[in-house]
Amino acid sequence: MKLAHKLLFVLCPMLVLGFIYYSSGKLHLHVWGQKPHKGVKPTVKVSKVTSVSVKTTVTKEPVVEGPVSVGRIVGSVFDKQGFLLNLDTKLFSKPASMFLDRNFKRLAKVTNYLPPFGFKTQERIIDVILTATKNYGLGPDLDSLNCKRCIIVGNGGILSNKSLGSRIDEYDVVIRLNEAPVSGYSRDVGTKTTLRITYPEGAIQKPERYEKDSLFVFSAFKPLDFKWLRQVVFKEKLQGTEGFWKSVAHFVPRQPSEIRILNPYFIQEAAFQFIGLPQNNGLMGKGNIPTLGTVAITMALHNCDEVAVAGFGYDMNTPHAPLHYYETVKMSAIKESWTHNISKEKEFLRKLVKANIITDLTNGI
C-alpha cells in the first residue's frame with residue numbers, strides 16, 4: 001500500500017506537466033503580422049490612430065469612441081455591394097484643393113476623365129475662365145484659419161421646423177446647394193452662405209434671390225456646362241441651351257472674382273471610391289453620379305477640420321413627406337432619379353455618422 005502511494009505521488013505531477021506541455025502546442029498566441037496556423041482563430045490587434053479610440057472584437061465591427069478628427073478613420077475594405085466597410089485614415093488627409101486653379105492640368109487623378117469625373121477636352125475653356133476669375137480659394141480670412149468648422153446644408157424637408165438657423169450660422173463655412181432659398185426660411189436654415197455649389201440646371205434663375213456675399217461654385221456634369229460658365233463669367237448672351245435637360249439661369253449676379261470651379265476629383269472620389277458606383281468606363285451613366293450633397297461632404301472632409309450636415313436623408317418609407325423644405329414636391333419623386341443611387345449614398349453617409357466623422361444635426365441619415 002505504501003509503495004502504491006509513492007507511485008501515485010510521482011506519477012501525478014508527471015501527468016500534470018505532460019498535459020500542460022501538450023496543451024501549450026494547441027493554445028498558440030500569434031504575434032502581430034504572423035500568419036495563423038490552420039484551424040486557429042487569430043486574435044485582433046488594433047493599431048493606434050490619432051484622435052480615435054477603438055474597441056474591437058473578432059465578431060463585431062469596430063466601435064469608435066470619443067471625438068474623431070476629419071480624415072481619421074480605420075480600415076479600407078469593401079463589402080459585397082462596393083461600400084467601404086471602414087474608411088482609410090489617408091483618404092481625407094491627402095491634399096485635394098476645393099477649387100481648380102491655374103495649375104489644374106497637374107491634377108493627375110482627373111486629367112484623363114471626361115466631365116463629371118474630370119475635365120478632359122475642357123482644358124482650353126477652363127484656362128480662359130480661370131484667367132478671368134483670378135481667385136482660387138475661399139478668401140484671405142477663411143484660408144488663413146487654422147481650424148475650419150464647415151457645415152453642408154442640404155435641401156431636405158427634414159429641415160422644416162427644426163429651428164437650427166442660429167446654430168448653422170455659427171459655422172465658419174456654410175455650404176448650400178443649388179437653388180435652395182434662405183430668405184423666408186432663416187429660422188430653420190440660417191442666413192449665412194459662404195459658398196453655393198451648383199450646376200447650370202440647378203442654379204438660381206432669379207438674380208434677386210442670390211445672397212450678397214457668397215461665392216458661386218460651379219460643378220460641371222457635362223462638357224456643355226463649361227460653355228455655359230464661360231458665358232456667365234464674361235456676361236455674354238446665353239446661347240446653345242438645347243443640350244440642357246431643363247431651363248438654366250441666363251445671368252448670375254456675381255463678379256468673376258466671386259466665381260469658382262469645383263475640383264471634379266470630389267465627384268470621382270465620392271462615386272467610385274466611397275459609394276462604389278459603377279465606373280462605366282469613366283462616363284456618366286445610369287445610377288453612377290453622386291448627389292451634389294455627397295460631393296460637397298467629400299470636399300469638406302478634405303478641407304475642413306470639423307464637418308457637420310443638416311437637411312440630409314431621404315426616407316423612402318414616407319413617400320408623401322416633402323422632399324425639400326421649400327416646395328411641395330413629395331419624397332416619392334426621388335424614385336424617378338436616373339443618375340443617382342440614393343440607397344447606396346445613404347449607406348455611405350451612415351458610416352460617416354456612425355464613425356463620428358460628420359455630425360448630422362437633423363438626424364436624418
# chains A, B, ... in the order shown; residues from 1 in each chain; ligands from 1
$ residues_around --residues "stretch 114-120 of chain A" --least-positions-apart "2" --cutoff "8 Å" --atoms "only C-alpha atoms" --output "list in words"
Lys109, Val110, Thr111, Asn112, Gln122, Glu123, Ala220, Phe221, Lys222, Pro223, Pro264, Tyr265, Ile267, Gln268, Gly282, Leu283 and Met284 of chain A
$ write_last_selection --atoms "C-alpha atoms" --output "PDB file, in the first residue's frame"
ATOM      1  CA  LYS A 109      -6.484  61.904 -60.964  1.00  0.00           C
ATOM      2  CA  VAL A 110      -8.888  63.884 -63.136  1.00  0.00           C
ATOM      3  CA  THR A 111      -6.843  64.716 -66.248  1.00  0.00           C
ATOM      4  CA  ASN A 112      -7.940  61.636 -68.194  1.00  0.00           C
ATOM      5  CA  GLN A 122     -12.202  71.185 -71.499  1.00  0.00           C
ATOM      6  CA  GLU A 123      -8.695  72.398 -70.661  1.00  0.00           C
ATOM      7  CA  ALA A 220     -19.683  70.527 -64.160  1.00  0.00           C
ATOM      8  CA  PHE A 221     -21.505  67.349 -65.149  1.00  0.00           C
ATOM      9  CA  LYS A 222     -21.084  67.592 -68.936  1.00  0.00           C
ATOM     10  CA  PRO A 223     -18.870  69.493 -71.399  1.00  0.00           C
ATOM     11  CA  PRO A 264     -14.041  67.339 -60.153  1.00  0.00           C
ATOM     12  CA  TYR A 265     -11.894  64.982 -58.109  1.00  0.00           C
ATOM     13  CA  ILE A 267     -17.217  63.766 -57.797  1.00  0.00           C
ATOM     14  CA  GLN A 268     -14.882  60.994 -58.911  1.00  0.00           C
ATOM     15  CA  GLY A 282     -15.450  56.833 -66.677  1.00  0.00           C
ATOM     16  CA  LEU A 283     -18.607  58.088 -68.398  1.00  0.00           C
ATOM     17  CA  MET A 284     -21.775  59.441 -66.829  1.00  0.00           C
TER      18      MET A 284
END
$ residues_around --residues "stretch 233-246 of chain A" --least-positions-apart "6" --cutoff "10 Å" --atoms "only C-alpha atoms" --output "list of chain:residue names"
A:Val128, A:Ile129, A:Leu130, A:Ala132, A:Thr133, A:Pro200, A:Glu201, A:Gly202, A:Lys222, A:Leu224, A:Asp225, A:Lys227, A:Val252, A:Pro253, A:Arg254, A:Gln255, A:Pro256, A:Ser257, A:Glu258, A:Ile259
$ write_last_selection --atoms "all heavy atoms" --output "compact mmCIF listing (two decimals), in the first residue's frame"
# COMPACT_ATOMS: atom_id res chain seq x y z
N VAL A 128 -9.29 79.81 -69.96
CA VAL A 128 -9.88 81.12 -70.24
C VAL A 128 -10.68 81.62 -69.04
O VAL A 128 -10.58 82.79 -68.64
CB VAL A 128 -10.77 81.05 -71.50
CG1 VAL A 128 -11.54 82.36 -71.68
CG2 VAL A 128 -9.92 80.76 -72.73
N ILE A 129 -11.48 80.73 -68.46
CA ILE A 129 -12.31 81.11 -67.31
C ILE A 129 -11.45 81.50 -66.11
O ILE A 129 -11.69 82.52 -65.46
CB ILE A 129 -13.27 79.96 -66.95
CG1 ILE A 129 -14.30 79.75 -68.06
CG2 ILE A 129 -13.97 80.24 -65.63
CD1 ILE A 129 -15.11 78.47 -67.93
N LEU A 130 -10.43 80.69 -65.82
CA LEU A 130 -9.58 80.96 -64.66
C LEU A 130 -8.76 82.23 -64.83
O LEU A 130 -8.43 82.91 -63.84
CB LEU A 130 -8.66 79.77 -64.40
CG LEU A 130 -9.35 78.47 -63.96
CD1 LEU A 130 -8.32 77.36 -63.77
CD2 LEU A 130 -10.13 78.68 -62.67
N ALA A 132 -9.92 84.86 -66.03
CA ALA A 132 -10.84 85.94 -65.67
C ALA A 132 -11.18 85.95 -64.18
O ALA A 132 -11.27 87.02 -63.57
CB ALA A 132 -12.13 85.81 -66.49
N THR A 133 -11.35 84.77 -63.58
CA THR A 133 -11.76 84.74 -62.17
C THR A 133 -10.62 85.14 -61.22
O THR A 133 -10.85 85.80 -60.21
CB THR A 133 -12.27 83.34 -61.79
OG1 THR A 133 -11.24 82.37 -61.99
CG2 THR A 133 -13.48 82.96 -62.62
N PRO A 200 -25.50 74.23 -64.08
CA PRO A 200 -26.40 75.11 -64.84
C PRO A 200 -27.89 74.92 -64.55
O PRO A 200 -28.62 75.88 -64.28
CB PRO A 200 -26.06 74.79 -66.29
CG PRO A 200 -24.64 74.38 -66.26
CD PRO A 200 -24.47 73.64 -64.97
N GLU A 201 -28.35 73.66 -64.58
CA GLU A 201 -29.79 73.42 -64.37
C GLU A 201 -30.22 73.64 -62.92
O GLU A 201 -31.41 73.79 -62.65
CB GLU A 201 -30.16 71.99 -64.80
CG GLU A 201 -30.04 71.73 -66.29
CD GLU A 201 -28.68 71.17 -66.69
OE1 GLU A 201 -27.70 71.42 -65.97
OE2 GLU A 201 -28.61 70.47 -67.71
N GLY A 202 -29.26 73.64 -61.99
CA GLY A 202 -29.61 73.79 -60.58
C GLY A 202 -29.44 75.20 -60.05
O GLY A 202 -29.81 75.50 -58.92
N LYS A 222 -21.22 67.89 -67.51
CA LYS A 222 -21.08 67.59 -68.94
C LYS A 222 -20.29 68.72 -69.59
O LYS A 222 -20.22 69.83 -69.07
CB LYS A 222 -22.45 67.42 -69.59
CG LYS A 222 -23.42 68.56 -69.34
CD LYS A 222 -24.81 68.21 -69.82
CE LYS A 222 -25.79 69.34 -69.51
NZ LYS A 222 -25.94 69.59 -68.06
N LEU A 224 -20.91 70.69 -72.00
CA LEU A 224 -21.71 71.88 -72.28
C LEU A 224 -21.76 72.84 -71.09
O LEU A 224 -21.88 74.06 -71.26
CB LEU A 224 -23.13 71.46 -72.68
CG LEU A 224 -24.13 72.58 -73.00
CD1 LEU A 224 -23.66 73.38 -74.20
CD2 LEU A 224 -25.52 71.99 -73.25
N ASP A 225 -21.63 72.29 -69.89
CA ASP A 225 -21.69 73.13 -68.69
C ASP A 225 -20.58 74.17 -68.66
O ASP A 225 -20.78 75.29 -68.18
CB ASP A 225 -21.62 72.25 -67.43
CG ASP A 225 -22.84 71.35 -67.29
OD1 ASP A 225 -23.80 71.54 -68.06
OD2 ASP A 225 -22.82 70.46 -66.42
N LYS A 227 -19.20 75.62 -71.24
CA LYS A 227 -19.56 76.68 -72.17
C LYS A 227 -20.52 77.66 -71.50
O LYS A 227 -20.40 78.88 -71.65
CB LYS A 227 -20.21 76.06 -73.42
CG LYS A 227 -20.61 77.08 -74.47
CD LYS A 227 -21.27 76.40 -75.67
CE LYS A 227 -21.72 77.43 -76.69
NZ LYS A 227 -22.40 76.79 -77.86
N VAL A 252 -25.96 85.40 -63.76
CA VAL A 252 -25.58 85.16 -62.37
C VAL A 252 -24.97 86.45 -61.83
O VAL A 252 -23.94 86.91 -62.35
CB VAL A 252 -24.57 84.00 -62.24
CG1 VAL A 252 -24.08 83.87 -60.79
CG2 VAL A 252 -25.20 82.69 -62.70
N PRO A 253 -25.59 87.06 -60.83
CA PRO A 253 -25.11 88.36 -60.32
C PRO A 253 -23.85 88.24 -59.47
O PRO A 253 -23.84 88.55 -58.28
CB PRO A 253 -26.30 88.86 -59.51
CG PRO A 253 -26.96 87.61 -59.00
CD PRO A 253 -26.79 86.60 -60.10
N ARG A 254 -22.78 87.79 -60.11
CA ARG A 254 -21.51 87.64 -59.44
C ARG A 254 -20.39 88.17 -60.33
O ARG A 254 -20.40 87.94 -61.55
CB ARG A 254 -21.22 86.17 -59.09
CG ARG A 254 -22.02 85.62 -57.94
CD ARG A 254 -21.58 86.24 -56.63
NE ARG A 254 -22.37 85.79 -55.50
CZ ARG A 254 -23.51 86.33 -55.09
NH1 ARG A 254 -24.02 87.36 -55.75
NH2 ARG A 254 -24.15 85.89 -54.05
N GLN A 255 -19.42 88.81 -59.71
CA GLN A 255 -18.23 89.22 -60.44
C GLN A 255 -17.37 87.99 -60.69
O GLN A 255 -17.44 87.00 -59.95
CB GLN A 255 -17.45 90.27 -59.64
CG GLN A 255 -18.19 91.58 -59.43
CD GLN A 255 -18.57 92.22 -60.75
OE1 GLN A 255 -17.76 92.32 -61.69
NE2 GLN A 255 -19.83 92.66 -60.85
N PRO A 256 -16.53 88.01 -61.72
CA PRO A 256 -15.65 86.86 -61.98
C PRO A 256 -14.84 86.45 -60.75
O PRO A 256 -14.61 85.24 -60.54
CB PRO A 256 -14.76 87.36 -63.11
CG PRO A 256 -15.60 88.34 -63.85
CD PRO A 256 -16.42 89.03 -62.78
N SER A 257 -14.42 87.42 -59.94
CA SER A 257 -13.62 87.12 -58.75
C SER A 257 -14.41 86.36 -57.69
O SER A 257 -13.83 85.84 -56.74
CB SER A 257 -13.06 88.41 -58.15
OG SER A 257 -14.12 89.27 -57.75
N GLU A 258 -15.73 86.27 -57.85
CA GLU A 258 -16.59 85.58 -56.88
C GLU A 258 -17.05 84.23 -57.40
O GLU A 258 -17.94 83.60 -56.81
CB GLU A 258 -17.81 86.44 -56.55
CG GLU A 258 -17.45 87.78 -55.92
CD GLU A 258 -18.64 88.72 -55.82
OE1 GLU A 258 -19.39 88.84 -56.81
OE2 GLU A 258 -18.82 89.33 -54.75
N ILE A 259 -16.46 83.77 -58.48
CA ILE A 259 -16.84 82.50 -59.10
C ILE A 259 -15.69 81.51 -58.99
O ILE A 259 -14.53 81.86 -59.18
CB ILE A 259 -17.23 82.72 -60.58
CG1 ILE A 259 -18.49 83.58 -60.66
CG2 ILE A 259 -17.44 81.38 -61.29
CD1 ILE A 259 -18.89 83.96 -62.07
$ closest_residue --among "A:Ser214, A:Thr359, A:Asn288, A:Thr298" --to "A:Thr339" --atoms "only C-alpha atoms"
A:Asn288
$ select_by_dssp --residues "stretch 95-143 of chain A" --states "alpha helix (DSSP H)" --output "list in words"
Ala108, Lys109, Val110, Thr111, Glu123, Arg124, Ile125, Ile126, Asp127, Val128, Ile129, Leu130, Thr131, Ala132, Thr133, Pro140, Asp141, Leu142 and Asp143 of chain A
$ residues_around --residues "A:Ala271" --least-positions-apart "6" --cutoff "7 Å" --atoms "only C-alpha atoms" --output "PyMOL selection string"
chain A and resi 277+288-290
$ write_last_selection --atoms "N, CA, C and O atoms" --output "CSV table (one decimal), in the first residue's frame"
chain,number,residue,atom,x,y,z
A,277,LEU,N,-20.1,53.2,-56.9
A,277,LEU,CA,-21.0,53.3,-58.0
A,277,LEU,C,-20.3,52.7,-59.2
A,277,LEU,O,-19.1,52.6,-59.3
A,288,ASN,N,-24.7,56.3,-61.6
A,288,ASN,CA,-23.3,56.4,-61.2
A,288,ASN,C,-22.9,57.8,-60.9
A,288,ASN,O,-21.7,58.0,-60.8
A,289,ILE,N,-23.8,58.7,-60.7
A,289,ILE,CA,-23.5,60.1,-60.3
A,289,ILE,C,-23.9,60.3,-58.9
A,289,ILE,O,-25.1,60.2,-58.5
A,290,PRO,N,-23.0,60.7,-58.0
A,290,PRO,CA,-23.3,61.1,-56.6
A,290,PRO,C,-24.1,62.4,-56.6
A,290,PRO,O,-24.0,63.2,-57.5
$ residues_around --residues "A:Ser186" --least-positions-apart "2" --cutoff "10 Å" --atoms "only C-alpha atoms" --output "list in words"
Ser163, Leu164, Gly165, Ser166, Ile168, Asp169, Pro181, Val182, Ser183, Gly184, Asp188, Val189, Gly190, Thr191 and Lys192 of chain A
$ closest_residue --among "A:Arg176, A:Lys330, A:Arg149, A:Lys354" --to "A:Asn317" --atoms "only C-alpha atoms"
A:Lys330
$ closest_residue --among "A:Pro207, A:Gly364, A:Gly156, A:Gly137" --to "A:Phe251" --atoms "only C-alpha atoms"
A:Pro207
$ atom_distance --atom1 "atom CA of A:Thr291" --atom2 "atom CA of A:Lys134"
28.2 Å
$ residues_around --residues "A:Ile261" --least-positions-apart "6" --cutoff "8 Å" --atoms "only C-alpha atoms" --output "VMD selection string"
chain A and resid 99 to 100 217 to 219
$ write_last_selection --atoms "N, CA, C and O atoms" --output "compact mmCIF listing (two decimals), in the first residue's frame"
# COMPACT_ATOMS: atom_id res chain seq x y z
N PHE A 99 -11.03 74.03 -55.19
CA PHE A 99 -11.33 74.60 -56.50
C PHE A 99 -10.14 74.46 -57.46
O PHE A 99 -9.00 74.34 -57.03
N LEU A 100 -10.45 74.50 -58.75
CA LEU A 100 -9.39 74.48 -59.75
C LEU A 100 -8.65 75.81 -59.76
O LEU A 100 -9.26 76.87 -59.64
N VAL A 217 -20.04 78.61 -56.74
CA VAL A 217 -19.15 77.47 -57.03
C VAL A 217 -19.81 76.58 -58.08
O VAL A 217 -20.87 76.01 -57.85
N PHE A 218 -19.14 76.48 -59.20
CA PHE A 218 -19.67 75.75 -60.36
C PHE A 218 -19.19 74.30 -60.35
O PHE A 218 -18.00 74.02 -60.19
N SER A 219 -20.14 73.38 -60.52
CA SER A 219 -19.82 71.97 -60.63
C SER A 219 -20.28 71.48 -62.00
O SER A 219 -21.47 71.59 -62.34
$ select_by_dssp --residues "stretch 206-251 of chain A" --states "strand (DSSP E or B)" --output "PyMOL selection string"
chain A and resi 215-218
$ closest_residue --among "A:Ile204, A:Asp360, A:Pro95, A:Asp127" --to "A:Leu107" --atoms "only C-alpha atoms"
A:Pro95
$ closest_residue --among "A:Gln205, A:Asn356, A:Gln273, A:Ser343" --to "A:Asp315" --atoms "only C-alpha atoms"
A:Ser343
$ atom_distance --atom1 "atom CA of A:Ser97" --atom2 "atom CA of A:Phe266"
9.5 Å
$ decode --residues "stretch 179-201 of chain A" --atoms "N, CA and C atoms" --output "tab-separated table (two decimals), in the first residue's frame"
chain	number	residue	atom	x	y	z
A	179	GLU	N	-30.45	75.77	-55.81
A	179	GLU	CA	-31.30	76.94	-55.66
A	179	GLU	C	-32.03	77.00	-54.31
A	180	ALA	N	-31.61	76.21	-53.35
A	180	ALA	CA	-32.28	76.20	-52.05
A	180	ALA	C	-32.28	77.61	-51.44
A	181	PRO	N	-33.45	78.16	-51.16
A	181	PRO	CA	-33.53	79.55	-50.69
A	181	PRO	C	-33.18	79.71	-49.21
A	182	VAL	N	-32.80	80.92	-48.87
A	182	VAL	CA	-32.54	81.30	-47.48
A	182	VAL	C	-33.63	82.24	-46.99
A	183	SER	N	-33.92	83.24	-47.79
A	183	SER	CA	-34.93	84.23	-47.43
A	183	SER	C	-36.29	83.57	-47.21
A	184	GLY	N	-36.88	83.84	-46.05
A	184	GLY	CA	-38.17	83.25	-45.71
A	184	GLY	C	-38.06	81.95	-44.93
A	185	TYR	N	-36.84	81.40	-44.83
A	185	TYR	CA	-36.63	80.12	-44.14
A	185	TYR	C	-35.48	80.21	-43.12
A	186	SER	N	-35.06	81.41	-42.80
A	186	SER	CA	-33.85	81.61	-42.00
A	186	SER	C	-33.96	80.99	-40.60
A	187	ARG	N	-35.15	80.92	-40.05
A	187	ARG	CA	-35.31	80.32	-38.71
A	187	ARG	C	-34.82	78.87	-38.69
A	188	ASP	N	-35.04	78.17	-39.80
A	188	ASP	CA	-34.65	76.76	-39.87
A	188	ASP	C	-33.31	76.53	-40.56
A	189	VAL	N	-32.94	77.39	-41.52
A	189	VAL	CA	-31.75	77.13	-42.32
A	189	VAL	C	-30.65	78.17	-42.14
A	190	GLY	N	-30.90	79.21	-41.37
A	190	GLY	CA	-29.88	80.23	-41.15
A	190	GLY	C	-29.88	81.30	-42.23
A	191	THR	N	-28.99	82.26	-42.08
A	191	THR	CA	-28.89	83.37	-43.03
A	191	THR	C	-27.53	83.43	-43.73
A	192	LYS	N	-26.57	82.72	-43.22
A	192	LYS	CA	-25.20	82.80	-43.71
A	192	LYS	C	-24.96	81.82	-44.86
A	193	THR	N	-24.34	82.30	-45.91
A	193	THR	CA	-23.93	81.43	-47.02
A	193	THR	C	-22.51	81.80	-47.42
A	194	THR	N	-21.58	80.87	-47.21
A	194	THR	CA	-20.19	81.11	-47.62
A	194	THR	C	-20.01	80.78	-49.09
A	195	LEU	N	-20.55	79.65	-49.49
A	195	LEU	CA	-20.49	79.28	-50.90
A	195	LEU	C	-21.71	78.44	-51.26
A	196	ARG	N	-22.11	78.60	-52.50
A	196	ARG	CA	-23.26	77.85	-53.03
A	196	ARG	C	-22.78	77.05	-54.22
A	197	ILE	N	-22.86	75.72	-54.10
A	197	ILE	CA	-22.40	74.84	-55.17
A	197	ILE	C	-23.58	74.49	-56.07
A	198	THR	N	-23.38	74.61	-57.37
A	198	THR	CA	-24.47	74.33	-58.29
A	198	THR	C	-23.95	74.00	-59.68
A	199	TYR	N	-24.85	73.62	-60.55
A	199	TYR	CA	-24.56	73.37	-61.96
A	199	TYR	C	-25.60	74.14	-62.76
A	200	PRO	N	-25.50	74.23	-64.08
A	200	PRO	CA	-26.40	75.11	-64.84
A	200	PRO	C	-27.89	74.92	-64.55
A	201	GLU	N	-28.35	73.66	-64.58
A	201	GLU	CA	-29.79	73.42	-64.37
A	201	GLU	C	-30.22	73.64	-62.92
